[in-house]
$ cat structure.cif   # mmCIF, C-alpha atoms
data_start
#
loop_
_atom_site.label_atom_id
_atom_site.label_comp_id
_atom_site.auth_asym_id
_atom_site.auth_seq_id
_atom_site.Cartn_x
_atom_site.Cartn_y
_atom_site.Cartn_z
CA MET A 283 5.02 -35.60 -2.32
CA SER A 284 7.35 -37.51 -0.01
CA TRP A 285 8.63 -36.07 3.28
CA VAL A 286 12.08 -35.51 1.74
CA GLU A 287 10.58 -33.78 -1.31
CA LEU A 288 8.46 -31.62 0.99
CA GLN A 289 11.53 -30.49 2.96
CA ILE A 290 13.41 -29.70 -0.26
CA ASP A 291 10.43 -27.74 -1.55
CA ARG A 292 10.26 -25.74 1.67
CA LEU A 293 13.99 -25.03 1.63
CA MET A 294 13.75 -23.82 -1.97
CA ARG A 295 11.07 -21.37 -0.84
CA GLY A 296 12.89 -20.39 2.33
CA GLN A 297 10.58 -22.56 4.43
CA PRO A 298 12.35 -23.71 7.63
CA ALA A 299 12.06 -27.45 8.21
CA GLY A 300 10.36 -28.30 11.48
CA PHE A 301 8.94 -24.84 12.11
CA ARG A 302 5.84 -26.38 13.71
CA GLU A 303 8.04 -28.18 16.23
CA VAL A 304 9.94 -24.97 17.00
CA LEU A 305 6.74 -23.01 17.61
CA THR A 306 5.10 -25.80 19.59
CA GLU A 307 8.14 -25.99 21.88
CA ALA A 308 8.26 -22.20 22.30
CA LEU A 309 4.56 -22.07 23.18
CA ARG A 310 5.31 -24.23 26.24
CA ASP A 311 7.47 -21.33 27.45
CA PRO A 312 6.19 -18.12 25.79
CA ASP A 313 9.30 -16.23 26.89
CA LYS A 314 11.08 -18.16 24.14
CA LEU A 315 8.67 -17.05 21.43
CA PRO A 316 10.60 -13.91 20.32
CA ALA A 317 13.78 -15.88 19.70
CA ALA A 318 11.89 -18.72 18.04
CA ILE A 319 10.10 -16.35 15.66
CA GLU A 320 13.40 -14.62 14.80
CA THR A 321 15.07 -17.92 13.92
CA LEU A 322 12.17 -18.92 11.69
CA GLU A 323 11.86 -15.60 9.83
CA GLU A 324 10.22 -16.59 6.51
CA VAL A 325 7.57 -19.26 6.99
CA MET A 326 4.94 -20.43 4.52
CA LEU A 327 1.73 -21.36 6.32
CA GLU A 328 0.26 -24.16 4.23
CA SER A 329 -2.25 -26.30 6.09
CA ASP A 330 -5.21 -25.91 8.39
CA ALA A 331 -2.95 -27.10 11.23
CA ASP A 332 -0.43 -24.36 10.39
CA GLY A 333 -3.19 -21.78 10.64
CA GLN A 334 -4.42 -23.09 13.98
CA LEU A 335 -0.88 -23.18 15.38
CA THR A 336 -0.33 -19.57 14.32
CA VAL A 337 -3.53 -18.54 16.11
CA GLU A 338 -1.99 -19.97 19.30
CA VAL A 339 1.06 -17.79 18.67
CA LEU A 340 -1.18 -14.74 18.18
CA LYS A 341 -2.59 -15.26 21.66
CA HIS A 342 0.79 -14.22 23.09
CA LEU A 343 1.20 -11.10 20.96
CA PRO A 344 2.03 -8.26 21.11
CA LEU A 345 5.36 -8.85 22.85
CA THR A 346 6.36 -5.76 24.79
CA THR A 347 10.14 -6.09 24.68
CA PHE A 348 12.35 -7.32 21.88
CA ASP A 349 15.42 -5.75 20.28
CA ALA A 350 15.31 -6.55 16.56
CA GLU A 351 15.15 -4.66 13.29
CA ILE A 352 11.82 -6.34 12.52
CA SER A 353 9.63 -7.13 15.50
CA PRO A 354 8.28 -10.66 16.09
CA LEU A 355 4.78 -9.32 15.48
CA GLN A 356 5.71 -7.93 12.05
CA THR A 357 7.31 -11.27 11.16
CA VAL A 358 4.15 -13.18 12.10
CA MET A 359 2.02 -10.71 10.14
CA MET A 360 4.15 -11.47 7.08
CA TRP A 361 3.39 -15.17 7.60
CA LEU A 362 -0.32 -14.37 7.61
CA GLN A 363 -0.11 -12.20 4.50
CA ASP A 364 1.56 -15.00 2.53
CA ALA A 365 -0.50 -17.91 3.88
CA GLU A 366 -1.65 -20.46 1.31
CA ALA A 367 -5.35 -21.23 0.88
CA PRO A 368 -5.90 -23.99 3.53
CA ALA A 369 -4.02 -22.05 6.22
CA ALA A 370 -5.61 -18.75 5.16
CA ARG A 371 -9.09 -20.23 5.54
CA ALA A 372 -8.30 -21.35 9.07
CA LEU A 373 -6.83 -17.96 9.91
CA MET A 374 -9.80 -16.06 8.48
CA SER A 375 -12.19 -18.07 10.63
CA LEU A 376 -10.14 -18.13 13.84
CA ALA A 377 -7.63 -15.27 13.93
CA GLY A 378 -10.00 -12.27 13.78
CA PRO A 379 -10.62 -11.81 17.54
CA GLN A 380 -6.90 -12.14 18.32
CA LEU A 381 -5.92 -9.67 15.60
CA ILE A 382 -8.47 -7.14 16.87
CA ARG A 383 -7.21 -7.62 20.45
CA ILE A 384 -3.60 -7.11 19.33
CA TYR A 385 -4.48 -4.03 17.29
CA ASP A 386 -6.43 -2.43 20.13
CA ALA A 387 -3.64 -3.13 22.61
CA LEU A 388 -1.11 -1.44 20.33
CA TYR A 389 -3.40 1.53 19.69
CA ASP A 390 -3.91 2.02 23.44
CA ARG A 391 -0.14 2.01 23.95
CA LEU A 392 0.21 4.81 21.40
CA GLY A 393 -2.03 6.93 23.60
CA ALA A 394 0.39 6.42 26.50
CA LEU A 395 3.14 8.33 24.60
CA GLU A 396 5.69 5.57 25.04
CA GLU A 397 9.29 6.13 23.96
CA ASP A 398 9.06 3.35 21.38
CA SER A 399 5.97 4.83 19.74
CA LEU A 400 7.54 4.47 16.27
CA SER A 401 8.01 0.71 16.62
CA ILE A 402 4.49 0.41 18.05
CA MET A 403 3.13 2.31 15.04
CA LEU A 404 4.95 -0.03 12.64
CA ASP A 405 3.45 -3.04 14.44
CA LEU A 406 0.03 -1.41 14.37
CA MET A 407 0.15 -0.84 10.62
CA ALA A 408 1.33 -4.40 9.98
CA VAL A 409 -1.69 -5.72 11.89
CA LEU A 410 -4.03 -3.29 10.12
CA ARG A 411 -2.92 -4.59 6.72
CA VAL A 412 -3.73 -8.16 7.78
CA LEU A 413 -7.09 -7.09 9.21
CA VAL A 414 -7.97 -5.56 5.85
CA THR A 415 -6.73 -8.66 4.02
CA PHE A 416 -8.86 -10.98 6.17
CA THR A 417 -11.84 -8.55 6.16
CA VAL A 418 -12.21 -8.84 9.93
CA PRO A 419 -15.40 -7.12 11.22
CA GLY A 420 -14.66 -3.80 12.91
CA THR A 421 -11.61 -3.08 10.74
CA ILE A 422 -13.04 -0.22 8.67
CA GLU A 423 -13.87 1.78 11.81
CA ARG A 424 -10.36 1.21 13.15
CA MET A 425 -8.77 2.13 9.84
CA VAL A 426 -10.66 5.43 9.71
CA THR A 427 -9.76 6.22 13.33
CA ALA A 428 -6.10 5.42 12.67
CA ALA A 429 -6.04 7.80 9.69
CA ASP A 430 -7.24 10.52 12.07
CA HIS A 431 -4.54 9.84 14.69
CA PRO A 432 -1.78 12.52 14.54
CA LEU A 433 1.01 9.90 14.70
CA VAL A 434 -0.50 6.99 12.79
CA GLN A 435 -1.70 9.13 9.87
CA GLU A 436 1.97 9.91 9.11
CA ALA A 437 2.95 6.23 8.72
CA HIS A 438 4.59 5.55 5.36
CA LEU A 439 2.89 2.13 5.26
CA TRP A 440 -0.56 3.50 4.35
CA PRO A 441 -0.10 2.77 0.62
CA SER A 442 0.42 -0.92 1.45
CA VAL A 443 -2.91 -0.97 3.31
CA PHE A 444 -4.82 0.64 0.46
CA GLU A 445 -3.02 -1.70 -1.95
CA VAL A 446 -4.96 -4.60 -0.41
CA LEU A 447 -8.24 -2.76 -1.03
CA GLU A 448 -7.36 -2.20 -4.69
CA ALA A 449 -7.93 -5.87 -5.53
CA PRO A 450 -11.06 -6.02 -7.72
CA GLU A 451 -12.49 -8.84 -5.62
CA HIS A 452 -12.05 -7.08 -2.25
CA PRO A 453 -15.52 -6.58 -0.73
CA TRP A 454 -14.57 -3.25 0.90
CA ARG A 455 -13.17 -1.71 -2.30
CA LEU A 456 -15.97 0.87 -2.44
CA ASP A 457 -17.29 0.58 1.11
CA ILE A 458 -14.26 2.44 2.46
CA LEU A 459 -15.10 5.65 0.59
CA ASP A 460 -18.02 6.95 2.68
CA PRO A 461 -16.33 6.50 6.10
CA PHE A 462 -13.19 8.25 4.86
CA ASN A 463 -15.21 11.10 3.41
CA GLU A 464 -16.95 11.56 6.76
CA ARG A 465 -13.65 11.54 8.71
CA TRP A 466 -11.16 13.07 6.31
CA PRO A 467 -7.69 11.51 6.78
CA GLY A 468 -4.55 13.55 7.26
CA GLY A 469 -0.84 13.18 6.51
CA PHE A 470 0.38 10.27 4.42
CA ALA A 471 -2.95 8.52 4.99
CA GLN A 472 -4.63 11.30 3.02
CA ALA A 473 -2.11 11.04 0.20
CA ALA A 474 -2.48 7.24 0.06
CA PHE A 475 -6.27 7.69 -0.02
CA LEU A 476 -5.82 10.02 -3.00
CA GLU A 477 -3.80 7.41 -4.92
CA PHE A 478 -6.43 4.78 -4.10
CA ALA A 479 -9.25 7.05 -5.30
CA ASN A 480 -7.35 7.81 -8.50
CA ARG A 481 -7.09 4.13 -9.33
CA LEU A 482 -10.81 3.62 -8.74
CA ALA A 483 -11.56 6.62 -10.94
CA LEU A 484 -9.33 5.33 -13.74
CA ASP A 485 -11.17 2.01 -13.56
CA GLY A 486 -14.45 3.87 -13.99
CA GLU A 487 -15.76 2.84 -10.57
CA LEU A 488 -16.39 6.31 -9.13
CA ALA A 489 -19.42 8.44 -9.86
CA HIS A 490 -17.71 11.25 -7.93
CA HIS A 491 -14.04 11.57 -7.00
CA PRO A 492 -13.72 12.11 -3.21
CA PHE A 493 -11.19 14.91 -3.79
CA ASP A 494 -13.68 16.86 -5.89
CA SER A 495 -14.78 18.75 -2.80
CA PRO A 496 -13.61 21.94 -1.02
CA ARG A 497 -11.23 20.09 1.34
CA GLY A 498 -10.06 17.85 -1.50
CA HIS A 499 -9.42 20.89 -3.69
CA ALA A 500 -7.37 22.46 -0.88
CA ALA A 501 -5.23 19.34 -0.59
CA LEU A 502 -4.62 19.12 -4.34
CA ARG A 503 -3.69 22.81 -4.51
CA ALA A 504 -1.25 22.43 -1.61
CA TRP A 505 0.52 19.44 -3.16
CA LEU A 506 0.86 21.14 -6.54
CA THR A 507 1.88 24.61 -5.36
CA GLU A 508 4.11 23.81 -2.36
CA PRO A 509 6.90 21.61 -3.75
CA GLU A 510 8.98 21.90 -0.58
CA ASP A 511 6.24 20.35 1.52
CA GLU A 512 7.08 16.95 3.06
CA LEU A 513 4.32 15.42 0.95
CA SER A 514 5.58 16.91 -2.33
CA GLY A 515 6.16 13.38 -3.61
CA TYR A 516 2.39 13.12 -3.93
CA ALA A 517 2.16 16.03 -6.35
CA SER A 518 2.05 13.55 -9.25
CA ALA A 519 -0.95 11.83 -7.61
CA ALA A 520 -2.58 15.25 -7.24
CA ALA A 521 -2.02 15.94 -10.94
CA ALA A 522 -3.43 12.50 -11.80
CA ALA A 523 -6.65 13.46 -9.99
CA LEU A 524 -7.23 16.59 -12.08
CA PRO A 525 -9.26 14.90 -14.87
CA PHE A 526 -11.83 13.95 -12.22
CA VAL A 527 -12.40 17.31 -10.51
CA ASP A 528 -14.24 20.56 -11.20
CA GLU A 529 -13.20 22.11 -14.53
CA ARG A 530 -12.32 25.52 -13.08
CA LEU A 531 -10.01 23.97 -10.50
CA ARG A 532 -8.53 21.66 -13.14
CA LEU A 533 -7.65 24.57 -15.44
CA GLU A 534 -6.12 26.51 -12.53
CA LEU A 535 -4.01 23.65 -11.18
CA LEU A 536 -2.89 22.37 -14.57
CA LYS A 537 -0.90 25.61 -14.93
CA TYR A 538 1.05 24.73 -11.78
CA ALA A 539 1.42 21.08 -12.79
CA ASP A 540 2.72 22.05 -16.25
CA ARG A 541 5.71 23.84 -14.75
CA HIS A 542 6.26 21.68 -11.67
CA PRO A 543 9.96 20.82 -11.07
CA ASP A 544 9.13 17.10 -10.89
CA THR A 545 8.92 15.51 -14.35
CA SER A 546 6.43 12.91 -13.16
CA VAL A 547 4.02 15.73 -12.31
CA ARG A 548 4.42 17.30 -15.75
CA ILE A 549 3.74 13.91 -17.33
CA GLU A 550 0.48 13.60 -15.37
CA ALA A 551 -0.46 17.13 -16.43
CA ALA A 552 0.12 16.29 -20.08
CA SER A 553 -2.00 13.16 -19.70
CA ALA A 554 -4.81 15.21 -18.17
CA ARG A 555 -4.69 17.66 -21.08
CA ALA A 556 -4.53 14.84 -23.64
CA SER A 557 -7.63 13.22 -22.16
CA GLU A 558 -9.82 16.35 -22.31
CA GLY A 559 -12.44 16.57 -25.04
CA GLU A 560 -10.82 15.89 -28.41
CA GLY A 561 -7.45 15.70 -26.72
CA ASP A 562 -4.63 18.26 -26.78
CA PRO A 563 -2.25 17.33 -29.67
CA ALA A 564 0.61 19.23 -28.02
CA ALA A 565 0.13 17.22 -24.83
CA VAL A 566 0.19 13.97 -26.83
CA ASP A 567 3.44 15.11 -28.45
CA ARG A 568 4.97 15.77 -25.03
CA LEU A 569 3.98 12.29 -23.86
CA ARG A 570 5.50 10.85 -27.04
CA GLU A 571 8.81 12.60 -26.31
CA TRP A 572 8.87 11.30 -22.74
CA ALA A 573 8.17 7.81 -24.10
CA ARG A 574 11.52 8.08 -25.95
CA ASP A 575 13.34 8.56 -22.64
CA PRO A 576 13.99 5.29 -20.74
CA ARG A 577 13.66 7.17 -17.42
CA TYR A 578 10.00 8.00 -18.08
CA ALA A 579 9.04 5.62 -20.88
CA GLU A 580 6.86 3.16 -18.97
CA VAL A 581 4.68 5.88 -17.43
CA ALA A 582 4.43 7.88 -20.64
CA ILE A 583 3.51 4.80 -22.70
CA ALA A 584 0.81 3.85 -20.22
CA HIS A 585 -0.68 7.34 -20.47
CA LEU A 586 -0.62 7.32 -24.27
CA GLU A 587 -2.60 4.09 -24.17
CA GLU A 588 -5.03 5.49 -21.57
CA VAL A 589 -5.84 8.57 -23.68
CA GLY A 590 -6.37 6.53 -26.84
CA ALA A 591 -3.13 7.61 -28.52
CA ALA A 592 -1.37 4.26 -28.70
CA GLU A 593 -0.53 4.95 -32.34
CA SER A 594 1.74 7.77 -31.11
CA ILE A 595 4.00 5.41 -29.15
CA PRO A 596 7.43 5.71 -30.82
CA PRO A 597 8.87 2.57 -32.49
CA VAL A 598 12.04 2.73 -30.37
CA VAL A 599 10.14 1.36 -27.36
CA ARG A 600 10.02 -2.05 -29.05
CA ASP A 601 13.82 -2.33 -29.01
CA PRO A 602 14.86 -4.98 -26.42
CA ASP A 603 17.71 -2.84 -25.07
CA PHE A 604 15.40 0.14 -24.68
CA ARG A 605 12.78 -1.99 -22.90
CA ALA A 606 15.42 -3.33 -20.51
CA ALA A 607 16.67 0.18 -19.71
CA ALA A 608 13.11 1.46 -19.22
CA SER A 609 12.25 -1.45 -16.94
CA MET A 610 15.37 -0.86 -14.83
CA ALA A 611 14.68 2.89 -14.63
CA SER A 612 11.10 2.25 -13.51
CA TRP A 613 12.30 -0.09 -10.77
CA LEU A 614 15.00 2.30 -9.57
CA ALA A 615 12.46 5.14 -9.44
CA GLN A 616 10.57 3.41 -6.65
CA PRO A 617 11.13 5.16 -3.27
CA THR A 618 12.16 1.88 -1.62
CA GLU A 619 14.94 1.38 -4.18
#
$ encode --input "structure.cif" --output "structure tokens"
Amino acid sequence: MSWVELQIDRLMRGQPAGFREVLTEALRDPDKLPAAIETLEEVMLESDADGQLTVEVLKHLPLTTFDAEISPLQTVMMWLQDAEAPAARALMSLAGPQLIRIYDALYDRLGALEEDSLSIMLDLMAVLRVLVTFTVPGTIERMVTAADHPLVQEAHLWPSVFEVLEAPEHPWRLDILDPFNERWPGGFAQAAFLEFANRLALDGELAHHPFDSPRGHAALRAWLTEPEDELSGYASAAAAALPFVDERLRLELLKYADRHPDTSVRIEAASARASEGEGDPAAVDRLREWARDPRYAEVAIAHLEEVGAAESIPPVVRDPDFRAAASMASWLAQPTE
């Protein structure tokens, strides 16, 4: 690829031309780094040299003062998350000590009760996600400690951290379970851990669901019986865990899930009933009716397939207009949308 073609390719992908030159110049005067990073925004790290240059940038982070919607540190972490193979290899071999240093510095600042603790927490979680991605030694211990911190455990970014661990090839996919069971997380970290455990259970990778324990039972009961709680959005995840817990608890909590005001919770309850023993025909019928509704179709269809009732999927779901409406509804249902 010629130089001109390379620049066009970068522009098509939002890659700023000459970003190496901009960073190299800013590194001569680190006070210019925040502005330089802001002007670059989206950068695709491609080569070994890109990775090494970014490690030099990491040596000057975290930056203590900068007024921007997204901090320079979060921007650089996005570069690392999206790095292509050659750059990623360089980063994985060189960036670990700097990322640990940055993370520890941010965590120590949280303990000082600074006024900008929210922005520090956002930076901390961005670094934690990269640490998990790059499997940097010492990360699991820091992740467990963070989930125990009264401020950090409430970060809404915990699902994005566990999302990295969900990859089938991630070496810590199962290793994270024992440390989290020993130091039970709280807040949104606990709810994100529940969703992660549910996915492992659905994939048949768990001999024992971590929420099938007294403290896990208490959490599931709270999410299903206290809809006004700030974590009520996780009631559907609690219902999804019911097939994997003690039968007596399951039968008790299914009664609450069946009449929960959130439809997504009732769908999970029907799926749990449809998956038991020979399967509950009435529960399969309820899933079939939800599959006819574009607002819930994608989830209901997935559950019908999971419980071995694919033949019950209504023919209307094959209509292109219906599929388009269902796809749009599923996207709009996401909290970020």
$ atom_distance --input "structure.cif" --atom1 "CA of Asp575 (chain A)" --atom2 "CA of Ala611 (chain A)"
9.9 Å
$ resolve_selection --input "structure.cif" --expression "the PyMOL selection byres ((chain A and resi 434) around 9)" --output "PyMOL selection string"
chain A and resi 392+403-404+406-407+428-433+435-437+469+471
$ atom_distance --input "structure.cif" --atom1 "CA of Pro368 (chain A)" --atom2 "CA of Asp313 (chain A)"
28.9 Å
$ residues_around --input "structure.cif" --residues "Leu305 (chain A)" --least-positions-apart "6" --cutoff "12 Å" --atoms "all atoms listed in the file" --output "list in words"
Pro298, Ala299, Asp311, Pro312, Asp313, Lys314, Leu315, Pro316, Ala317, Ala318, Ile319, Glu320, Thr321, Leu322, Glu323, Val325, Asp332, Gln334, Leu335, Thr336, Val337, Glu338, Val339, Leu340, His342 and Val358 of chain A
$ atom_distance --input "structure.cif" --atom1 "CA of Met326 (chain A)" --atom2 "CA of Leu362 (chain A)"
8.6 Å
$ resolve_selection --input "structure.cif" --expression "the PyMOL selection byres ((chain A and resi 501) around 10)" --output "PDB file with C-alpha atoms, in the frame of the given file"
ATOM      1  CA  GLY A 468      -4.550  13.550   7.260  1.00  0.00           C
ATOM      2  CA  GLN A 472      -4.630  11.300   3.020  1.00  0.00           C
ATOM      3  CA  ALA A 473      -2.110  11.040   0.200  1.00  0.00           C
ATOM      4  CA  LEU A 476      -5.820  10.020  -3.000  1.00  0.00           C
ATOM      5  CA  PHE A 493     -11.190  14.910  -3.790  1.00  0.00           C
ATOM      6  CA  SER A 495     -14.780  18.750  -2.800  1.00  0.00           C
ATOM      7  CA  PRO A 496     -13.610  21.940  -1.020  1.00  0.00           C
ATOM      8  CA  ARG A 497     -11.230  20.090   1.340  1.00  0.00           C
ATOM      9  CA  GLY A 498     -10.060  17.850  -1.500  1.00  0.00           C
ATOM     10  CA  HIS A 499      -9.420  20.890  -3.690  1.00  0.00           C
ATOM     11  CA  ALA A 500      -7.370  22.460  -0.880  1.00  0.00           C
ATOM     12  CA  LEU A 502      -4.620  19.120  -4.340  1.00  0.00           C
ATOM     13  CA  ARG A 503      -3.690  22.810  -4.510  1.00  0.00           C
ATOM     14  CA  ALA A 504      -1.250  22.430  -1.610  1.00  0.00           C
ATOM     15  CA  TRP A 505       0.520  19.440  -3.160  1.00  0.00           C
ATOM     16  CA  LEU A 506       0.860  21.140  -6.540  1.00  0.00           C
ATOM     17  CA  ALA A 517       2.160  16.030  -6.350  1.00  0.00           C
ATOM     18  CA  ALA A 520      -2.580  15.250  -7.240  1.00  0.00           C
TER      19      ALA A 520
END
$ residues_around --input "structure.cif" --residues "Gly378 (chain A)" --least-positions-apart "5" --cutoff "12 Å" --atoms "all atoms listed in the file" --output "ChimeraX atom specification"
/A:337,340-341,362,370-373,383-385,409-410,412-421
$ closest_residue --input "structure.cif" --among "A:Arg411, A:Leu447, A:Ala521, A:Glu366" --to "Asp544 (chain A)" --atoms "all atoms listed in the file"
A:Ala521
$ residues_around --input "structure.cif" --residues "Phe478 (chain A)" --least-positions-apart "4" --cutoff "7 Å" --atoms "all atoms listed in the file" --output "list in words"
Phe444, Ala474 and Leu482 of chain A
$ closest_residue --input "structure.cif" --among "A:Gly561, A:Asp494, A:Arg577, A:His585" --to "Gln616 (chain A)" --atoms "all atoms listed in the file"
A:Arg577
$ resolve_selection --input "structure.cif" --expression "the PyMOL selection byres ((chain A and resi 534) around 12)" --output "list in words"
His499, Leu502, Arg503, Leu506, Thr507, Ala521, Leu524, Val527, Asp528, Glu529, Arg530, Leu531, Arg532, Leu533, Leu535, Leu536, Lys537, Tyr538, Ala539, Asp540 and Ala551 of chain A
$ closest_residue --input "structure.cif" --among "A:Ala367, A:Pro344, A:Glu487, A:Pro441" --to "Leu459 (chain A)" --atoms "all atoms listed in the file"
A:Glu487
$ closest_residue --input "structure.cif" --among "A:Ala615, A:Ala564, A:Ala408, A:Ala331" --to "Leu376 (chain A)" --atoms "only C-alpha atoms"
A:Ala331
$ residues_near_point --input "structure.cif" --point "(1.9, 11.9, -13.4)" --cutoff "7 Å" --atoms "all atoms listed in the file" --output "list in words"
Ser518, Ala519, Ala521, Ala522, Ser546, Val547, Arg548, Ile549, Glu550 and Ala551 of chain A
